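A short write-up of the structure that comes next.
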Amino acid sequence: MSRTGERLRGSFVVPGRPVPAQRMTRYGKWRERAKKSLEYQKLVALTAWAAQVPQFTGPVKLTCRFFFRNGQHGDLSNLVKSIEDGLQYGGILVNDRQVIRYGEGTGIYFGPEERAEVWIEEVDP
């Protein structure tokens with residue numbers, strides 16, 4: 001966490017294979033894929049708390065880099081959604097609608113260590 005001028009910032013790394021968000025229905029939330037997605041959102045929240053990422057109440061720019069060992073990965077928009085949902089679950093964001101921009105470099109990458117790297121920064125609307 002840091003303040004640059006008047007811009008609040010935070011960053012953290014979520015270890016392990018990134019998990020895309022799943023569509024939740026009344027009964028669907030009990031399915032294995034949905035449970036895995038909800039557990040990942042909790043991990044995002046815990047990792048952000050551990051990194052002392054502050055709460056953001058205004059508009060933000062979110063940058064996410066998702067690393068996979070192979071070509072099998074989720075849809076980018078669902079991967080970003082899982083980070084947004086985790087940030088909201090953890091109280092870092094009041095509402096994921098605060099994300100009004102995505103940072104340069106947001107995307108899917110390949111490397112030996114699976115993880116999600118996340119940066120969040122206050123922006124002007």
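Simple scheme: letters A, B, ... for chains in structure tokens order, numbers from 1 for residues in each chain, numbers from 1 for ligands in the order shown.
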Chain A: residues DSSP assigns to strand (DSSP E or B), reported as a ChimeraX atom specification: /A:2-4,7-15,56,60-68,93,99-102,107-110,115-122
Spatial neighbours of region 35-41 of chain A, 9 Å, only C-alpha atoms, chain gap at least 4 places, as a list in words: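 Returned residues: Pro18, Val19, Pro20, Ala21, Gln22, Lys29, Trp30, Arg31, Ala45, Leu46, Ser82, Ile83, Glu84, Asp85, Gly86, Leu87, Tyr89 and Gly90 of chain A.
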Next, write the just-selected residues to a file, as an mmCIF file, in the first residue's frame, keeping C-alpha atoms as the atom set.
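See out_6.cif below for the written result:
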data_model
loop_
_atom_site.group_PDB
_atom_site.id
_atom_site.type_symbol
_atom_site.label_atom_id
_atom_site.label_comp_id
_atom_site.auth_asym_id
_atom_site.auth_seq_id
_atom_site.Cartn_x
_atom_site.Cartn_y
_atom_site.Cartn_z
ATOM 1 C CA PRO A 18 -6.129 -18.387 -11.132
ATOM 2 C CA VAL A 19 -9.784 -19.478 -11.089
ATOM 3 C CA PRO A 20 -12.360 -17.744 -13.308
ATOM 4 C CA ALA A 21 -15.625 -16.482 -11.834
ATOM 5 C CA GLN A 22 -18.630 -18.749 -12.304
ATOM 6 C CA LYS A 29 -23.566 -22.275 -6.123
ATOM 7 C CA TRP A 30 -23.325 -25.794 -4.656
ATOM 8 C CA ARG A 31 -21.634 -27.219 -7.753
ATOM 9 C CA ALA A 45 -9.601 -11.151 -0.207
ATOM 10 C CA LEU A 46 -7.221 -12.768 2.310
ATOM 11 C CA SER A 82 -13.010 -13.233 -9.943
ATOM 12 C CA ILE A 83 -10.475 -10.623 -8.766
ATOM 13 C CA GLU A 84 -13.139 -7.884 -8.713
ATOM 14 C CA ASP A 85 -15.526 -10.118 -6.749
ATOM 15 C CA GLY A 86 -12.759 -11.038 -4.298
ATOM 16 C CA LEU A 87 -11.897 -7.374 -3.757
ATOM 17 C CA TYR A 89 -15.913 -9.658 -0.802
ATOM 18 C CA GLY A 90 -12.882 -8.478 1.166
#
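Using only C-alpha atoms, the nearest neighbour of Ser11 (chain A) within the list A:Pro54, A:Gly105, A:Val118, A:Ser77 is A:Val118.
Comparing the minimum interatomic distances between Trp119 (chain A) and each of A:Val14, A:Leu79, A:Cys64, A:Leu93, counting only C-alpha atoms, we find that A:Cys64 sits nearest.
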Alpha helix (DSSP H) per DSSP on the backbone: members of chain A, as a PyMOL selection string: chain A and resi 32-50+76-89
Written selection (C-alpha atoms) as an mmCIF file, in the first residue's frame:
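Dumped to part34.cif:
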data_model
loop_
_atom_site.group_PDB
_atom_site.id
_atom_site.type_symbol
_atom_site.label_atom_id
_atom_site.label_comp_id
_atom_site.auth_asym_id
_atom_site.auth_seq_id
_atom_site.Cartn_x
_atom_site.Cartn_y
_atom_site.Cartn_z
ATOM 1 C CA GLU A 32 -17.923 -27.982 -7.576
ATOM 2 C CA ARG A 33 -16.850 -25.303 -10.092
ATOM 3 C CA ALA A 34 -18.867 -22.652 -8.264
ATOM 4 C CA LYS A 35 -17.415 -23.704 -4.893
ATOM 5 C CA LYS A 36 -13.907 -23.476 -6.353
ATOM 6 C CA SER A 37 -14.689 -19.977 -7.661
ATOM 7 C CA LEU A 38 -16.006 -18.813 -4.270
ATOM 8 C CA GLU A 39 -12.940 -20.237 -2.491
ATOM 9 C CA TYR A 40 -10.702 -18.350 -4.913
ATOM 10 C CA GLN A 41 -12.571 -15.092 -4.194
ATOM 11 C CA LYS A 42 -11.900 -15.660 -0.474
ATOM 12 C CA LEU A 43 -8.214 -16.257 -1.249
ATOM 13 C CA VAL A 44 -8.096 -12.977 -3.209
ATOM 14 C CA ALA A 45 -9.601 -11.151 -0.207
ATOM 15 C CA LEU A 46 -7.221 -12.768 2.310
ATOM 16 C CA THR A 47 -4.190 -12.052 0.129
ATOM 17 C CA ALA A 48 -5.211 -8.394 -0.290
ATOM 18 C CA TRP A 49 -5.735 -8.048 3.474
ATOM 19 C CA ALA A 50 -2.349 -9.650 4.181
ATOM 20 C CA LEU A 76 -9.924 -13.318 -19.410
ATOM 21 C CA SER A 77 -13.106 -11.437 -18.517
ATOM 22 C CA ASN A 78 -14.102 -14.152 -16.014
ATOM 23 C CA LEU A 79 -10.606 -14.171 -14.507
ATOM 24 C CA VAL A 80 -10.773 -10.392 -13.976
ATOM 25 C CA LYS A 81 -14.290 -10.770 -12.559
ATOM 26 C CA SER A 82 -13.010 -13.233 -9.943
ATOM 27 C CA ILE A 83 -10.475 -10.623 -8.766
ATOM 28 C CA GLU A 84 -13.139 -7.884 -8.713
ATOM 29 C CA ASP A 85 -15.526 -10.118 -6.749
ATOM 30 C CA GLY A 86 -12.759 -11.038 -4.298
ATOM 31 C CA LEU A 87 -11.897 -7.374 -3.757
ATOM 32 C CA GLN A 88 -15.543 -6.602 -3.070
ATOM 33 C CA TYR A 89 -15.913 -9.658 -0.802
#
Point-to-point distance from CA of Pro125 (chain A) to CA of Arg101 (chain A), Å rounded to tenths: 9.5 Å
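Close contacts of Phe110 (chain A), defined as residues with an atom at most 6 Å away when counting only C-alpha atoms, with chain neighbours fewer than 2 positions off set aside, comprise Phe67, Phe68 and Arg69 of chain A.
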Grab the residues selected above and save them as a compact mmCIF listing (two decimals), in the first residue's frame with C-alpha atoms.
# COMPACT_ATOMS: atom_id res chain seq x y z
CA PHE A 67 0.07 -16.57 -15.16
CA PHE A 68 -0.50 -20.17 -16.30
CA ARG A 69 1.92 -23.03 -16.93
